[in-house]
>>> print(open('model-v4.tsv').read())   # TSV, C-alpha atoms
chain	number	residue	atom	x	y	z
V	1	MET	CA	110.73	81.29	109.86
V	2	SER	CA	108.33	79.25	111.91
V	3	THR	CA	105.78	80.48	114.40
V	4	GLU	CA	108.03	79.24	117.20
V	5	ASP	CA	110.82	81.55	116.04
V	6	GLN	CA	108.43	84.50	116.15
V	7	ASN	CA	107.75	83.78	119.80
V	8	ASP	CA	111.42	83.47	120.73
V	9	PRO	CA	112.40	86.63	122.66
V	10	THR	CA	116.08	85.99	121.97
V	11	ARG	CA	115.58	86.50	118.22
V	12	PRO	CA	114.41	89.66	116.49
V	13	PRO	CA	110.97	89.23	114.94
V	14	LYS	CA	110.53	88.78	111.22
V	15	ALA	CA	109.30	91.94	109.49
V	16	TRP	CA	105.52	92.00	108.89
V	17	PHE	CA	105.80	92.59	105.13
V	18	ASP	CA	108.15	89.62	104.72
V	19	MET	CA	105.26	87.22	104.20
V	20	GLY	CA	106.80	84.13	102.57
V	21	GLY	CA	105.70	81.02	104.44
V	22	ASP	CA	103.20	82.73	106.73
V	23	LEU	CA	99.94	80.94	107.42
V	24	ALA	CA	97.15	82.49	105.37
V	25	GLY	CA	93.77	81.58	103.94
V	26	ALA	CA	92.70	80.73	100.41
V	27	VAL	CA	93.71	83.02	97.56
V	28	VAL	CA	90.58	84.98	96.64
V	29	PRO	CA	90.75	85.70	92.90
V	30	GLU	CA	89.77	89.35	93.25
V	31	GLU	CA	90.61	92.14	90.90
V	32	HIS	CA	89.18	95.49	89.88
V	33	ASP	CA	89.64	97.98	87.09
V	34	TYR	CA	91.76	100.76	88.51
V	35	ALA	CA	90.06	104.13	89.02
V	36	LEU	CA	91.50	107.29	87.53
V	37	TRP	CA	92.77	108.58	90.87
V	38	GLU	CA	94.59	105.29	91.45
V	39	LYS	CA	96.24	105.50	88.04
V	40	ARG	CA	97.23	109.09	88.76
V	41	VAL	CA	98.89	108.05	92.01
V	42	ASP	CA	100.80	105.42	90.04
V	43	ALA	CA	101.70	108.01	87.39
V	44	LEU	CA	102.98	110.49	89.99
V	45	VAL	CA	105.11	107.77	91.59
V	46	MET	CA	106.60	106.80	88.22
V	47	LEU	CA	107.26	110.43	87.26
V	48	SER	CA	108.85	111.20	90.63
V	49	GLN	CA	111.17	108.24	90.15
V	50	LYS	CA	112.07	109.25	86.60
V	51	LYS	CA	112.92	112.72	87.90
V	52	GLY	CA	115.22	111.20	90.50
V	53	PHE	CA	113.45	112.20	93.74
V	54	PHE	CA	113.45	108.65	95.07
V	55	THR	CA	113.65	105.05	93.90
V	56	VAL	CA	111.21	102.18	94.23
V	57	ASP	CA	113.20	101.23	97.32
V	58	GLY	CA	112.24	104.46	99.06
V	59	LEU	CA	108.61	103.87	98.15
V	60	ARG	CA	108.73	100.32	99.53
V	61	ARG	CA	110.45	101.40	102.71
V	62	ALA	CA	107.72	103.97	103.36
V	63	LEU	CA	105.05	101.31	102.69
V	64	GLU	CA	106.77	98.90	105.05
V	65	ASP	CA	107.06	101.51	107.78
V	66	MET	CA	103.30	102.12	107.61
V	67	GLY	CA	102.93	98.75	109.29
V	68	PRO	CA	100.60	95.77	109.00
V	69	ASP	CA	97.51	97.68	110.13
V	70	ALA	CA	97.75	99.97	107.13
V	71	PHE	CA	98.13	96.91	104.90
V	72	GLU	CA	94.84	95.49	106.16
V	73	ARG	CA	92.93	98.76	106.49
V	74	LEU	CA	93.91	100.74	103.39
V	75	SER	CA	93.74	99.88	99.70
V	76	TYR	CA	96.90	99.52	97.62
V	77	TYR	CA	96.86	103.02	96.17
V	78	GLU	CA	95.76	104.57	99.47
V	79	ARG	CA	99.04	103.22	100.83
V	80	TRP	CA	100.95	104.30	97.73
V	81	VAL	CA	99.80	107.91	97.93
V	82	ALA	CA	100.91	108.08	101.56
V	83	ALA	CA	104.30	106.62	100.64
V	84	LEU	CA	104.60	109.04	97.71
V	85	ARG	CA	103.84	111.99	99.99
V	86	ARG	CA	106.42	110.88	102.51
V	87	ASN	CA	109.15	110.40	99.91
V	88	LEU	CA	108.47	113.79	98.31
V	89	VAL	CA	108.72	115.48	101.72
V	90	GLU	CA	111.95	113.60	102.47
V	91	ALA	CA	113.35	114.64	99.10
V	92	GLY	CA	112.59	118.27	99.88
V	93	VAL	CA	110.14	118.59	96.98
V	94	LEU	CA	107.06	119.36	99.10
V	95	THR	CA	106.69	120.55	102.67
V	96	PRO	CA	104.07	119.28	105.11
V	97	GLU	CA	102.75	122.84	105.34
V	98	GLU	CA	102.25	123.12	101.58
V	99	LEU	CA	100.44	119.81	101.52
V	100	ALA	CA	98.20	120.59	104.47
V	101	THR	CA	97.29	124.01	103.09
V	102	ARG	CA	96.50	122.64	99.65
V	103	MET	CA	94.47	119.74	101.01
V	104	GLU	CA	92.38	122.19	103.03
V	105	GLU	CA	91.77	124.25	99.89
V	106	ILE	CA	90.77	121.17	97.93
V	107	ARG	CA	88.27	120.10	100.57
V	108	ALA	CA	86.82	123.64	100.56
V	109	ARG	CA	86.06	123.26	96.85
V	110	GLY	CA	83.26	120.89	97.86
V	111	ALA	CA	82.52	117.21	97.93
V	112	THR	CA	81.88	117.03	94.19
V	113	TYR	CA	85.22	118.55	93.26
V	114	GLY	CA	86.29	115.07	92.19
V	115	ASP	CA	83.88	115.34	89.22
V	116	VAL	CA	85.58	118.50	88.04
V	117	SER	CA	89.05	117.17	88.71
V	118	ALA	CA	88.40	113.93	86.85
V	119	GLY	CA	87.39	115.76	83.69
V	120	ALA	CA	89.99	118.48	83.74
V	121	THR	CA	93.32	118.04	82.03
V	122	ASP	CA	94.95	121.11	83.53
V	123	GLY	CA	95.38	119.70	86.98
X	124	MET	CA	92.56	89.24	76.09
X	125	PRO	CA	90.35	86.91	78.14
X	126	HIS	CA	90.01	87.68	81.81
X	127	ASP	CA	90.72	84.80	84.06
X	128	HIS	CA	88.12	85.43	86.74
X	129	ALA	CA	84.51	86.48	86.38
X	130	PRO	CA	83.97	89.16	89.06
X	131	HIS	CA	85.61	92.33	87.84
X	132	PRO	CA	83.94	95.29	89.49
X	133	TYR	CA	84.71	98.86	88.64
X	134	ARG	CA	85.67	100.66	91.83
X	135	PRO	CA	83.84	104.01	91.69
X	136	ASP	CA	85.84	107.02	92.70
X	137	GLN	CA	84.02	110.15	91.64
X	138	ASP	CA	80.51	109.68	92.96
X	139	GLY	CA	81.02	110.42	96.65
X	140	PRO	CA	82.90	112.79	98.89
X	141	LEU	CA	86.60	112.84	98.16
X	142	THR	CA	88.57	110.46	100.33
X	143	GLU	CA	91.75	111.41	102.16
X	144	ALA	CA	93.76	109.53	99.54
X	145	GLN	CA	92.07	111.32	96.65
X	146	VAL	CA	92.58	114.73	98.25
X	147	THR	CA	96.23	113.86	98.80
X	148	GLU	CA	96.64	112.83	95.17
X	149	ILE	CA	95.07	116.05	93.90
X	150	ALA	CA	97.23	118.15	96.24
X	151	ILE	CA	100.47	116.43	95.24
X	152	ARG	CA	99.59	116.65	91.54
X	153	GLU	CA	98.67	120.34	91.70
X	154	LEU	CA	101.77	121.27	93.68
X	155	LEU	CA	104.13	119.33	91.41
X	156	ILE	CA	102.59	121.05	88.38
X	157	GLU	CA	102.74	124.53	89.96
X	158	LYS	CA	106.37	124.01	90.90
X	159	GLY	CA	107.15	123.13	87.30
X	160	ILE	CA	108.27	119.64	88.29
X	161	THR	CA	105.75	117.99	86.01
X	162	THR	CA	102.93	119.06	83.74
X	163	ALA	CA	99.31	117.95	83.43
X	164	SER	CA	100.05	116.51	80.01
X	165	GLU	CA	102.98	114.51	81.39
X	166	VAL	CA	100.69	112.97	84.02
X	167	THR	CA	98.06	112.23	81.38
X	168	ALA	CA	100.68	110.66	79.12
X	169	GLU	CA	101.85	108.43	81.97
X	170	VAL	CA	98.27	107.27	82.64
X	171	GLU	CA	97.75	106.63	78.92
X	172	ALA	CA	100.97	104.61	78.73
X	173	MET	CA	99.70	102.60	81.70
X	174	ASP	CA	96.38	101.96	79.95
X	175	ALA	CA	98.22	100.85	76.82
X	176	ARG	CA	100.12	98.16	78.73
X	177	SER	CA	98.18	94.91	79.00
X	178	PRO	CA	98.74	91.16	78.89
X	179	ALA	CA	98.47	91.48	75.11
X	180	GLN	CA	102.11	92.66	75.15
X	181	GLY	CA	103.26	89.57	76.98
X	182	ALA	CA	101.10	87.38	74.73
X	183	ARG	CA	102.91	88.69	71.64
X	184	VAL	CA	106.22	87.69	73.20
X	185	ILE	CA	104.95	84.20	74.00
X	186	ALA	CA	103.46	83.65	70.53
X	187	ARG	CA	106.76	84.65	68.94
X	188	ALA	CA	108.67	82.32	71.25
X	189	TRP	CA	106.37	79.44	70.28
X	190	THR	CA	106.87	80.02	66.55
X	191	ASP	CA	110.52	81.06	66.39
X	192	ALA	CA	113.03	78.85	68.20
X	193	ASP	CA	115.86	81.36	67.74
X	194	PHE	CA	113.74	84.09	69.31
X	195	LYS	CA	112.90	81.81	72.22
X	196	ALA	CA	116.59	81.14	72.78
X	197	ARG	CA	117.26	84.90	72.81
X	198	LEU	CA	114.29	85.45	75.14
X	199	LEU	CA	115.64	82.90	77.60
X	200	ALA	CA	119.15	84.34	77.39
X	201	ASP	CA	118.17	88.03	77.72
X	202	GLY	CA	114.47	88.63	78.24
X	203	THR	CA	114.76	92.41	78.15
X	204	ALA	CA	116.55	92.59	74.81
X	205	ALA	CA	114.21	90.04	73.21
X	206	CYS	CA	111.11	92.02	74.19
X	207	GLU	CA	112.69	95.21	72.87
X	208	GLU	CA	113.22	93.41	69.55
X	209	LEU	CA	109.43	93.24	69.30
X	210	GLY	CA	109.19	96.99	69.88
X	211	ILE	CA	107.99	96.69	73.47
X	212	GLU	CA	109.02	99.63	75.66
X	213	MET	CA	110.76	97.99	78.62
X	214	GLY	CA	111.93	101.10	80.47
X	215	THR	CA	113.95	99.98	83.48
X	216	LEU	CA	112.37	96.51	83.56
X	217	LYS	CA	114.94	93.68	83.55
X	218	LEU	CA	113.26	90.47	82.46
X	219	VAL	CA	113.94	86.80	83.07
X	220	ALA	CA	111.75	84.47	80.97
X	221	LEU	CA	111.00	81.00	82.36
X	222	GLU	CA	109.97	78.16	80.10
X	223	ASN	CA	107.34	75.63	81.11
X	224	THR	CA	108.06	72.16	79.75
X	225	GLU	CA	106.53	68.70	79.98
X	226	THR	CA	108.40	68.21	83.23
X	227	THR	CA	108.63	71.70	84.78
X	228	HIS	CA	106.04	74.28	85.74
X	229	ASN	CA	107.06	77.81	86.77
X	230	VAL	CA	105.09	80.23	88.93
X	231	ILE	CA	105.92	83.81	89.96
X	232	VAL	CA	105.35	85.57	93.26
X	233	CYS	CA	106.76	88.50	95.21
X	234	THR	CA	106.74	87.68	98.91
X	235	LEU	CA	108.20	91.04	100.01
X	236	CYS	CA	105.88	93.37	98.08
X	237	SER	CA	104.23	92.85	94.70
X	238	CYS	CA	106.86	93.14	91.96
X	239	TYR	CA	105.28	92.44	88.59
X	240	PRO	CA	106.34	92.74	84.92
X	241	ARG	CA	103.95	95.62	84.30
X	242	ASN	CA	105.37	96.57	80.88
X	243	LEU	CA	104.35	93.13	79.64
X	244	LEU	CA	101.22	92.41	81.69
X	245	GLY	CA	99.84	95.81	82.77
X	246	LEU	CA	98.99	96.51	86.40
X	247	PRO	CA	98.76	93.44	88.65
X	248	PRO	CA	95.45	91.95	89.79
X	249	ASP	CA	94.51	92.42	93.46
X	250	TRP	CA	95.02	88.76	94.31
X	251	TYR	CA	98.67	88.92	93.23
X	252	LYS	CA	99.20	91.59	95.92
X	253	SER	CA	97.21	89.73	98.58
X	254	ARG	CA	98.58	88.37	101.84
X	255	ALA	CA	97.37	84.88	100.94
X	256	TYR	CA	99.16	84.71	97.58
X	257	ARG	CA	102.36	86.29	98.87
X	258	SER	CA	102.49	84.07	101.95
X	259	ARG	CA	101.56	80.67	100.58
X	260	THR	CA	102.98	80.44	97.06
X	261	VAL	CA	106.54	79.78	98.24
X	262	LYS	CA	105.44	77.15	100.74
X	263	GLU	CA	102.57	75.29	99.08
X	264	PRO	CA	102.56	76.26	95.41
X	265	ARG	CA	100.64	73.15	94.36
X	266	ALA	CA	97.82	73.97	96.77
X	267	VAL	CA	97.72	77.57	95.53
X	268	LEU	CA	97.66	76.38	91.92
X	269	ARG	CA	94.76	74.05	92.72
X	270	GLU	CA	92.82	77.07	93.96
X	271	PHE	CA	93.24	78.48	90.45
X	272	GLY	CA	91.94	75.19	89.05
X	273	THR	CA	95.40	74.03	88.02
X	274	ARG	CA	96.19	70.40	88.73
X	275	LEU	CA	99.70	69.43	87.72
X	276	PRO	CA	100.65	65.87	86.81
X	277	ASP	CA	102.62	64.16	89.56
X	278	LYS	CA	105.72	63.91	87.42
X	279	MET	CA	105.86	67.66	86.85
X	280	ALA	CA	108.30	69.63	89.03
X	281	VAL	CA	107.37	73.08	90.32
X	282	ARG	CA	109.74	76.02	90.33
X	283	VAL	CA	108.60	79.02	92.35
X	284	HIS	CA	110.28	82.32	91.52
X	285	ASP	CA	110.31	84.95	94.26
X	286	SER	CA	110.86	88.44	92.72
X	287	THR	CA	113.04	89.62	95.58
X	288	ALA	CA	115.20	92.22	93.85
X	289	ASP	CA	115.74	93.81	90.45
X	290	MET	CA	114.55	91.19	87.97
X	291	ARG	CA	110.98	90.67	86.82
X	292	TYR	CA	109.64	87.39	85.53
X	293	LEU	CA	107.48	86.06	82.71
X	294	VAL	CA	106.42	82.44	82.33
X	295	ILE	CA	106.44	81.00	78.81
X	296	PRO	CA	103.47	78.62	79.02
X	297	SER	CA	103.53	75.32	77.15
X	298	ARG	CA	102.01	75.69	73.70
X	299	PRO	CA	98.51	74.18	73.70
X	300	GLU	CA	98.08	70.91	71.83
X	301	GLY	CA	96.38	71.17	68.46
X	302	SER	CA	97.63	74.71	67.85
X	303	ASP	CA	100.11	73.71	65.12
X	304	THR	CA	98.29	75.40	62.26
X	305	LEU	CA	97.50	78.69	64.02
X	306	THR	CA	99.01	82.00	63.00
X	307	GLU	CA	101.12	83.97	65.45
X	308	ASP	CA	98.20	86.36	66.13
X	309	ALA	CA	95.83	83.46	66.76
X	310	LEU	CA	98.37	81.90	69.10
X	311	ALA	CA	98.74	85.18	71.01
X	312	ALA	CA	94.98	85.18	71.59
X	313	LEU	CA	95.33	81.86	73.43
X	314	VAL	CA	97.80	83.26	75.96
X	315	THR	CA	96.32	84.42	79.26
X	316	ARG	CA	97.71	86.72	81.90
X	317	ASP	CA	97.39	84.02	84.56
X	318	GLY	CA	99.28	81.61	82.30
X	319	MET	CA	102.16	84.09	82.10
X	320	ILE	CA	102.17	84.47	85.91
X	321	GLY	CA	102.13	80.68	86.09
X	322	VAL	CA	99.01	80.08	88.17
X	323	THR	CA	97.30	78.37	85.23
X	324	GLN	CA	98.25	76.25	82.25
X	325	LEU	CA	96.88	76.95	78.78
T	326	MET	CA	131.46	82.86	94.88
T	327	ALA	CA	131.10	79.11	95.29
T	328	ASP	CA	128.38	77.28	93.39
T	329	ARG	CA	126.77	76.32	96.68
T	330	VAL	CA	125.99	79.20	98.96
T	331	ARG	CA	124.35	79.80	102.30
T	332	VAL	CA	122.22	82.86	102.99
T	333	LYS	CA	123.36	84.67	106.08
T	334	SER	CA	120.96	84.44	108.99
T	335	TRP	CA	121.20	88.10	109.89
T	336	MET	CA	118.04	89.75	111.17
T	337	PRO	CA	118.90	93.45	110.86
T	338	PRO	CA	116.27	96.19	111.01
T	339	GLY	CA	115.51	98.35	108.00
T	340	HIS	CA	114.61	97.78	104.38
T	341	ILE	CA	115.89	94.32	103.43
T	342	ARG	CA	115.29	92.38	100.20
T	343	THR	CA	116.40	89.00	101.51
T	344	PRO	CA	113.30	87.09	102.63
T	345	ALA	CA	113.46	85.71	106.16
T	346	TYR	CA	112.35	82.25	105.04
T	347	LEU	CA	115.59	81.88	103.07
T	348	ARG	CA	117.98	83.10	105.76
T	349	GLY	CA	120.34	80.40	106.95
T	350	LYS	CA	119.35	78.19	104.00
T	351	THR	CA	121.74	76.64	101.50
T	352	GLY	CA	121.17	76.60	97.76
T	353	GLU	CA	122.98	76.55	94.45
T	354	ILE	CA	123.65	79.50	92.21
T	355	GLU	CA	121.22	79.33	89.30
T	356	ARG	CA	122.72	82.30	87.45
T	357	ARG	CA	124.80	85.37	88.08
T	358	LEU	CA	123.11	88.68	87.32
T	359	PRO	CA	124.69	92.10	86.89
T	360	ALA	CA	125.40	94.24	89.95
T	361	PHE	CA	122.65	96.57	91.14
T	362	PRO	CA	122.71	99.45	93.65
T	363	ASN	CA	122.25	98.25	97.22
T	364	PRO	CA	118.51	98.64	97.98
T	365	GLU	CA	119.23	98.72	101.71
T	366	LEU	CA	120.76	102.18	101.17
T	367	LEU	CA	118.65	103.39	98.24
T	368	ALA	CA	115.59	102.98	100.45
T	369	TYR	CA	116.85	105.84	102.62
T	370	HIS	CA	117.85	108.12	99.70
T	371	LEU	CA	121.54	107.30	100.35
T	372	PRO	CA	124.33	106.75	97.81
T	373	ALA	CA	124.31	103.03	97.07
T	374	PRO	CA	127.25	101.08	95.62
T	375	ASP	CA	126.52	98.34	93.09
T	376	ILE	CA	126.50	94.83	94.53
T	377	PRO	CA	126.48	91.62	92.46
T	378	LEU	CA	123.10	89.94	92.40
T	379	LEU	CA	122.73	86.16	92.19
T	380	ARG	CA	119.78	83.89	91.53
T	381	VAL	CA	119.91	81.06	94.02
T	382	ARG	CA	117.90	77.83	93.80
T	383	PHE	CA	116.74	76.16	97.02
T	384	THR	CA	114.88	72.90	97.40
T	385	MET	CA	111.58	72.98	99.28
T	386	GLU	CA	113.10	70.37	101.57
T	387	GLU	CA	115.96	72.70	102.48
T	388	VAL	CA	113.64	75.66	103.11
T	389	TRP	CA	110.70	73.98	104.84
T	390	GLY	CA	112.12	70.69	106.10
T	391	ALA	CA	109.47	68.18	107.05
T	392	ASP	CA	106.75	70.73	106.24
T	393	ALA	CA	107.69	70.79	102.54
T	394	GLU	CA	104.71	70.28	100.26
T	395	ARG	CA	106.96	68.41	97.76
T	396	PRO	CA	110.61	68.14	98.90
T	397	GLU	CA	112.10	68.13	95.39
T	398	ASP	CA	110.25	71.23	94.14
T	399	VAL	CA	112.37	74.38	94.17
T	400	ILE	CA	112.28	78.08	95.01
T	401	GLU	CA	114.50	80.54	93.18
T	402	ALA	CA	115.20	84.05	94.43
T	403	GLU	CA	117.60	86.92	93.80
T	404	ILE	CA	120.01	87.46	96.67
T	405	PHE	CA	122.64	90.20	96.89
T	406	ALA	CA	126.22	88.95	97.29
T	407	HIS	CA	126.76	90.49	100.74
T	408	TRP	CA	124.04	88.17	102.06
T	409	LEU	CA	125.79	85.01	100.76
T	410	GLU	CA	128.68	82.90	101.98
T	411	PRO	CA	130.22	79.74	100.50
T	412	ALA	CA	128.49	76.61	101.78
>>> encode(input="model-v4.tsv", output="structure tokens")
Amino acid sequence: MSTEDQNDPTRPPKAWFDMGGDLAGAVVPEEHDYALWEKRVDALVMLSQKKGFFTVDGLRRALEDMGPDAFERLSYYERWVAALRRNLVEAGVLTPEELATRMEEIRARGATYGDVSAGATDG
Amino acid sequence: MPHDHAPHPYRPDQDGPLTEAQVTEIAIRELLIEKGITTASEVTAEVEAMDARSPAQGARVIARAWTDADFKARLLADGTAACEELGIEMGTLKLVALENTETTHNVIVCTLCSCYPRNLLGLPPDWYKSRAYRSRTVKEPRAVLREFGTRLPDKMAVRVHDSTADMRYLVIPSRPEGSDTLTEDALAALVTRDGMIGVTQL
Amino acid sequence: MADRVRVKSWMPPGHIRTPAYLRGKTGEIERRLPAFPNPELLAYHLPAPDIPLLRVRFTMEEVWGADAERPEDVIEAEIFAHWLEPA
């Protein structure tokens, strides 16, 4: 898919996540050790799949639908947690109301709640 | 297991106000536990299993393939079954192993997302998931490899493998010269993650 | 399925696992894999019938034409059978 094709109004545009062959800069050899919250997002995605609420395809579709801005603006697991949330709502496991209420409660526990949460094993 | 790049920062997550993503994670986790869908220990076990997976798993497979021609043949024929022979938990991962030779170099990419053989290599590095790597590896693999310091001889052909669907890939690097007398464990220590992705040679 | 296949040049919306850069391109079947549930339906939590999956090998020349970095190098990718036609 060349740039010319992308500008052709008679053809549908290539999807943003379908990156093969796009122009891009040098590969920056970055990596980081994953934080606990990132690993927990990953764990919750894997467990949700094992329990049959969605497949990796549903996760990918939600990530794709977040669009290219989210890809540039958010980190990998920031996008994953949003895709996880969406798939769990679609599967009827969680409601938006439950999530919103709980997130409000968590914020009310204070900015340092993360310290407590990181150490606790009971959730 | 040697790391292939020097900068390797720890990304702090518990020393500032909780981010939106962290609050979301906590909320989902708490609700799933309260609903009896999962348990705290199940989540912990999943994180521990993740931590236990590293390129050392893949390196064991490669070292065995270098020292046991029959195993290598089985690995090339059915990568999943061969890894399970070594006691590696493969879960749902379906593996295709790709052998580098004197005339062929293999490199793995996922242009559509960031599929990766995590049971054998652990979680992927950030660069593997980057726009630059995903975009360019299928079009100019030799240029991408040069950015990793890999210069292939002119006579060597490149095969790029795009993980588009249900298979995951592992490159069997060429065995380093002068390694004839090494034990299998010593050979495994020579195998790098980047070598098994195919962006470097050993 | 013939040994030489062409990837359909469809551009449908939705969750698709056939990269755009391979659409309309001709390659040879490298190996036949088992059938897997159609990801285009799984992505929307729908029942998904199994579809044969094939690994197809394309030359850089076929995919990128005059822009190829090295015409004889190859790209291999998994393509579901409903995206392929005999070439």
>>> closest_atom_pairs(input="model-v4.tsv", of="chain V", to="chain T", cutoff="10 Å", atoms="all atoms listed in the file", output="CSV")
residue,atom,partner,partner_atom,distance
V:Met1,CA,T:Tyr346,CA,5.2
V:Ser2,CA,T:Tyr346,CA,8.5
V:Arg11,CA,T:Met336,CA,8.1
V:Pro12,CA,T:Met336,CA,6.4
V:Pro13,CA,T:Met336,CA,8.0
V:Lys14,CA,T:Ala345,CA,6.6
V:Ala15,CA,T:Ala345,CA,8.2
V:Phe17,CA,T:Pro344,CA,9.6
V:Asp18,CA,T:Pro344,CA,6.1
V:Met19,CA,T:Pro344,CA,8.2
V:Gly20,CA,T:Tyr346,CA,6.4
V:Gly21,CA,T:Tyr346,CA,6.8
V:Asp22,CA,T:Tyr346,CA,9.3
V:Phe53,CA,T:His370,CA,8.5
V:Phe54,CA,T:His370,CA,6.4
V:Thr55,CA,T:Leu367,CA,6.8
V:Val56,CA,T:Ala368,CA,7.6
V:Asp57,CA,T:Ala368,CA,4.3
V:Gly58,CA,T:Ala368,CA,3.9
V:Leu59,CA,T:Ala368,CA,7.4
V:Arg60,CA,T:Ala368,CA,7.4
V:Arg61,CA,T:His340,CA,5.8
V:Ala62,CA,T:Ala368,CA,8.4
V:Glu64,CA,T:His340,CA,7.9
V:Asp65,CA,T:Gly339,CA,9.0
V:Asn87,CA,T:His370,CA,9.0
V:Glu90,CA,T:His370,CA,8.5
V:Ala91,CA,T:His370,CA,7.9
>>> residues_around(input="model-v4.tsv", residues="Gly214 in chain X", least_positions_apart="2", cutoff="12 Å", atoms="only C-alpha atoms", output="ChimeraX atom specification")
/V:46,50 /X:172,203-204,206-207,210-212,216-218,240-243
>>> interface_residues(input="model-v4.tsv", of="chain V", to="chain X", cutoff="7 Å", atoms="all atoms listed in the file", output="compact mmCIF listing (two decimals) with C-alpha atoms, keeping the file's coordinate frame")
# COMPACT_ATOMS: atom_id res chain seq x y z
CA PHE V 17 105.80 92.59 105.13
CA ASP V 18 108.15 89.62 104.72
CA MET V 19 105.26 87.22 104.20
CA GLY V 20 106.80 84.13 102.57
CA GLY V 21 105.70 81.02 104.44
CA ASP V 22 103.20 82.73 106.73
CA LEU V 23 99.94 80.94 107.42
CA ALA V 24 97.15 82.49 105.37
CA GLY V 25 93.77 81.58 103.94
CA ALA V 26 92.70 80.73 100.41
CA VAL V 27 93.71 83.02 97.56
CA VAL V 28 90.58 84.98 96.64
CA PRO V 29 90.75 85.70 92.90
CA GLU V 30 89.77 89.35 93.25
CA GLU V 31 90.61 92.14 90.90
CA HIS V 32 89.18 95.49 89.88
CA ASP V 33 89.64 97.98 87.09
CA TYR V 34 91.76 100.76 88.51
CA ALA V 35 90.06 104.13 89.02
CA TRP V 37 92.77 108.58 90.87
CA LYS V 39 96.24 105.50 88.04
CA ARG V 40 97.23 109.09 88.76
CA VAL V 41 98.89 108.05 92.01
CA ALA V 43 101.70 108.01 87.39
CA LEU V 44 102.98 110.49 89.99
CA GLU V 78 95.76 104.57 99.47
CA VAL V 81 99.80 107.91 97.93
CA LEU V 99 100.44 119.81 101.52
CA ARG V 102 96.50 122.64 99.65
CA MET V 103 94.47 119.74 101.01
CA ILE V 106 90.77 121.17 97.93
CA ALA V 111 82.52 117.21 97.93
CA THR V 112 81.88 117.03 94.19
CA GLY V 114 86.29 115.07 92.19
CA ASP V 115 83.88 115.34 89.22
CA THR V 121 93.32 118.04 82.03
CA ASP V 122 94.95 121.11 83.53
CA GLY V 123 95.38 119.70 86.98
>>> atom_distance(input="model-v4.tsv", atom1="CA of Thr10 in chain V", atom2="CA of Gly349 in chain T")
16.6 Å
>>> atom_distance(input="model-v4.tsv", atom1="CA of Leu63 in chain V", atom2="CA of Trp16 in chain V")
11.2 Å
>>> closest_atom_pairs(input="model-v4.tsv", of="chain T", to="chain X", cutoff="8 Å", atoms="all atoms listed in the file", output="Markdown table")
| residue | atom | partner | partner_atom | distance |
| --- | --- | --- | --- | --- |
| T:Arg342 | CA | X:Thr287 | CA | 5.8 |
| T:Thr343 | CA | X:Thr287 | CA | 6.8 |
| T:Pro344 | CA | X:Leu235 | CA | 7.0 |
| T:Phe361 | CA | X:Asp289 | CA | 7.5 |
| T:Met385 | CA | X:Lys262 | CA | 7.6 |
| T:Trp389 | CA | X:Lys262 | CA | 7.4 |
| T:Ala393 | CA | X:Lys262 | CA | 7.0 |
| T:Glu394 | CA | X:Glu263 | CA | 5.6 |
| T:Glu397 | CA | X:Ala280 | CA | 7.6 |
| T:Asp398 | CA | X:Val281 | CA | 5.1 |
| T:Val399 | CA | X:Arg282 | CA | 4.9 |
| T:Ile400 | CA | X:Val283 | CA | 4.6 |
| T:Glu401 | CA | X:His284 | CA | 4.9 |
| T:Ala402 | CA | X:Asp285 | CA | 5.0 |
| T:Glu403 | CA | X:Thr287 | CA | 5.6 |
| T:Ile404 | CA | X:Ala288 | CA | 7.3 |
>>> closest_residue(input="model-v4.tsv", among="X:Met213, X:Lys278, X:Ala205, X:Gly272", to="Asp191 in chain X", atoms="all atoms listed in the file")
X:Ala205
>>> residues_around(input="model-v4.tsv", residues="Arg357 in chain T", least_positions_apart="4", cutoff="7 Å", atoms="only C-alpha atoms", output="count of residues only")
3
